[in-house]
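A.B. asks: Take this structure first; my questions come after.
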There are 2 protein chains.
Amino acid sequence: MAATPSPVEAAVDDPAPRRTGYRRLPVQQRREQLIAVALELFAARPPEDVSLDDVAEAAGASRPLVYRYFAGGKQQLYEAALRSAASELTSRFTVAAFTGTPTEQLGAVLHRYFAFVDEHAAGYGALLRGGSVVETARTSAIVDDVRRAAIRRTLRHLGVREAGPRLTLLVRSWISVVEASAISWLDEGRQIPVDSLCAWLVDQFVVMAAATAVHDGQTAEVMGQWLRLETEDSPAGVLLARLRDIGRG
Amino acid sequence: MAATPSPVEAAVDDPAPRRTGYRRLPVQQRREQLIAVALELFAARPPEDVSLDDVAEAAGASRPLVYRYFAGGKQQLYEAALRSAASELTSRFTVAAFTGTPTEQLGAVLHRYFAFVDEHAAGYGALLRGGSVVETARTSAIVDDVRRAAIRRTLRHLGVREAGPRLTLLVRSWISVVEASAISWLDEGRQIPVDSLCAWLVDQFVVMAAATAVHDGQTAEVMGQWLRLETEDSPAGVLLARLRDIGRG
């Protein structure tokens, strides 16, 4: 297997053109194209149903050319695609324009998350369900990084610098609810509309935080600050009014 | 590699005794002993730090003897130990004596679950975190079976025969919270006392159900039936009283 070509050695990916009909692309561009094509295939089919030949064919490249860029074969290509997907997903955690109440912002981030899940259904499902043939300590570490970024981002969103064990537990648990509901949503044929699912997840955050605030001063303080920013018709406002009714019943 | 000896061919595991000092055990007993010893080692150390020699030594057996029972080596022994652990954990989901309110019973089951997590910390953590060297589609299927049993058991506990998509989502999500908090609890050096953690998880179930009931008739009905069985000083009673205070604040 050939080593990855350096930009100096090979400014284009096939310096000795043959009559193959394949397009010649600059090195970095070809690399990115192969990753993008692989990502699309892994998003649509479970990893065990995607071969290196599929990637080569979809990229309009030869199998040896794909190996030239990814000497580790399918596993290396999968990990590169996963890293690219992870970085795309992580970028969605940041709310560009900070408008709306905290729960409205949380809803906006969840919509972006579920758009990603929807676009990468097969890959997301295979990875999060575990036991996939391409799963290794490295792929788990990539998934963990995304999870950690989600936890950090949520805490920052709440204005928390240093989270105690219970606030950490709350946020980790809620992130696991987001993941479990994404998997459940895919498994059950996307029966629940995305809007409704995102609204449910925002509500879950509110009540999980409320039940944690009962046990924990830090969570109570953070939640108090954040509830002051909510309006009566924001998700948190509407939910708390309804829960008061259930509590009375 | 030798095939697993049949009970007829070998009533004891070493029919030609040599001067090894190893104890001779009947076949089934030896098999169970090897699994028990492996389970103990995998419970205390991550799978990559347990060798077949460790198992043989701890069992007072030779390496070839272990291979005779587990021709697939460490992976097969790991899977047998995992199956044994899974069946033990699943058995804890059943409440023997149905005393107490539904949330009190839920608390009792959670205590048994966390006793298991505590006893099998290394193995539980390695498996649930994912990416372990011994993880395969088969081990993931075993974990999934336990998860499915937990979901079924929780629904039966709630008196539900056929759960709609939102009630299913609620229970799956809560089970993921239990798993995430077990991992978080281990990662953070078991800072939160078990009693307190179990109480928190019961509270999480109550509020997650309440927030789901707002969106879903079936959940509202199930929750209504179940709340009628709760007393003022049961976990659900205490929590709902406190939440009314937060709602007012």
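Ordered as shown in the structure tokens, chains take letters A, B, and onward, while each chain numbers its residues from 1 and ligands are numbered from 1 in the order shown.
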Identify every residue of chain A that has at least one atom within 7 Å of any atom of chain B, counting only C-alpha atoms, and report the result as a ChimeraX atom specification.

C.D. replies: /A:130-132,135-137,140,169,172-173,176-177,180-181,184,203-204,207-208,211,240,244,247

A.B. asks: Counting only C-alpha atoms, what is within 6 Å of stretch 229-235 of chain B, bar same-chain residues fewer than 3 positions away, as a list in words?

C.D. replies: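 Listed by chain and then number, they are Thr101, Trp226 and Val238 of chain B.
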
A.B. asks: Go ahead and save the residues from that selection, with N, CA and C atoms, as a tab-separated table (two decimals), in the first residue's frame.

C.D. replies:
```tsv
chain	number	residue	atom	x	y	z
B	101	THR	N	-45.46	1.82	47.53
B	101	THR	CA	-46.08	2.49	46.38
B	101	THR	C	-45.23	2.23	45.14
B	226	TRP	N	-51.27	5.53	38.52
B	226	TRP	CA	-50.16	5.22	39.39
B	226	TRP	C	-50.06	6.24	40.53
B	238	VAL	N	-43.74	13.49	47.87
B	238	VAL	CA	-42.82	14.53	48.37
B	238	VAL	C	-42.36	15.42	47.22
```

A.B. asks: If you run DSSP on the backbone, which residues of stretch 33-247 of chain B are helix (DSSP H, G or I), as number ranges by chain?

C.D. replies: B: 33-44, 47-49, 52-59, 63-69, 73-91, 102-119, 121-129, 137-157, 165-187, 194-213, 217-227, 235-247

A.B. asks: Can you pull out the residues contacting stretch 153-160 of chain B? Cut-off 9 Å, using only C-alpha atoms, and skip same-chain residues under 6 positions away; I want them as a ChimeraX atom specification.

C.D. replies: /B:93-94,102,105-106,167-168,171,222-223,225-226

A.B. asks: Work out how far apart atom CA of A:Ala81 and atom CA of A:Ala36 are and give it in Å to one decimal.

C.D. replies: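 Between atom CA of A:Ala81 and atom CA of A:Ala36 the gap works out to 7.1 Å.
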
A.B. asks: Enter the distance from atom CA of A:Glu40 to atom CA of A:Val55, in Å, rounded to one decimal.

C.D. replies: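 Straight-line distance from atom CA of A:Glu40 to atom CA of A:Val55 works out to 9.4 Å.
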
A.B. asks: Interatomic distance between atom CA of A:Ser91 and atom CA of A:Ile142?

C.D. replies: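 These two atoms are separated by 14.3 Å.
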
A.B. asks: Between B:Ala80, B:Ala43, B:Glu104, B:Val146, which is the closest to B:Arg31 once you count only C-alpha atoms?

C.D. replies: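 Distance minimum relative to B:Arg31 lands on B:Ala80.
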
A.B. asks: Between B:Leu82, B:Ala236, B:Ala126, B:Ala121, which one has atoms that come closest to B:Gly189, using only C-alpha atoms?

C.D. replies: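 Among the listed residues, B:Ala121 lies closest to B:Gly189.
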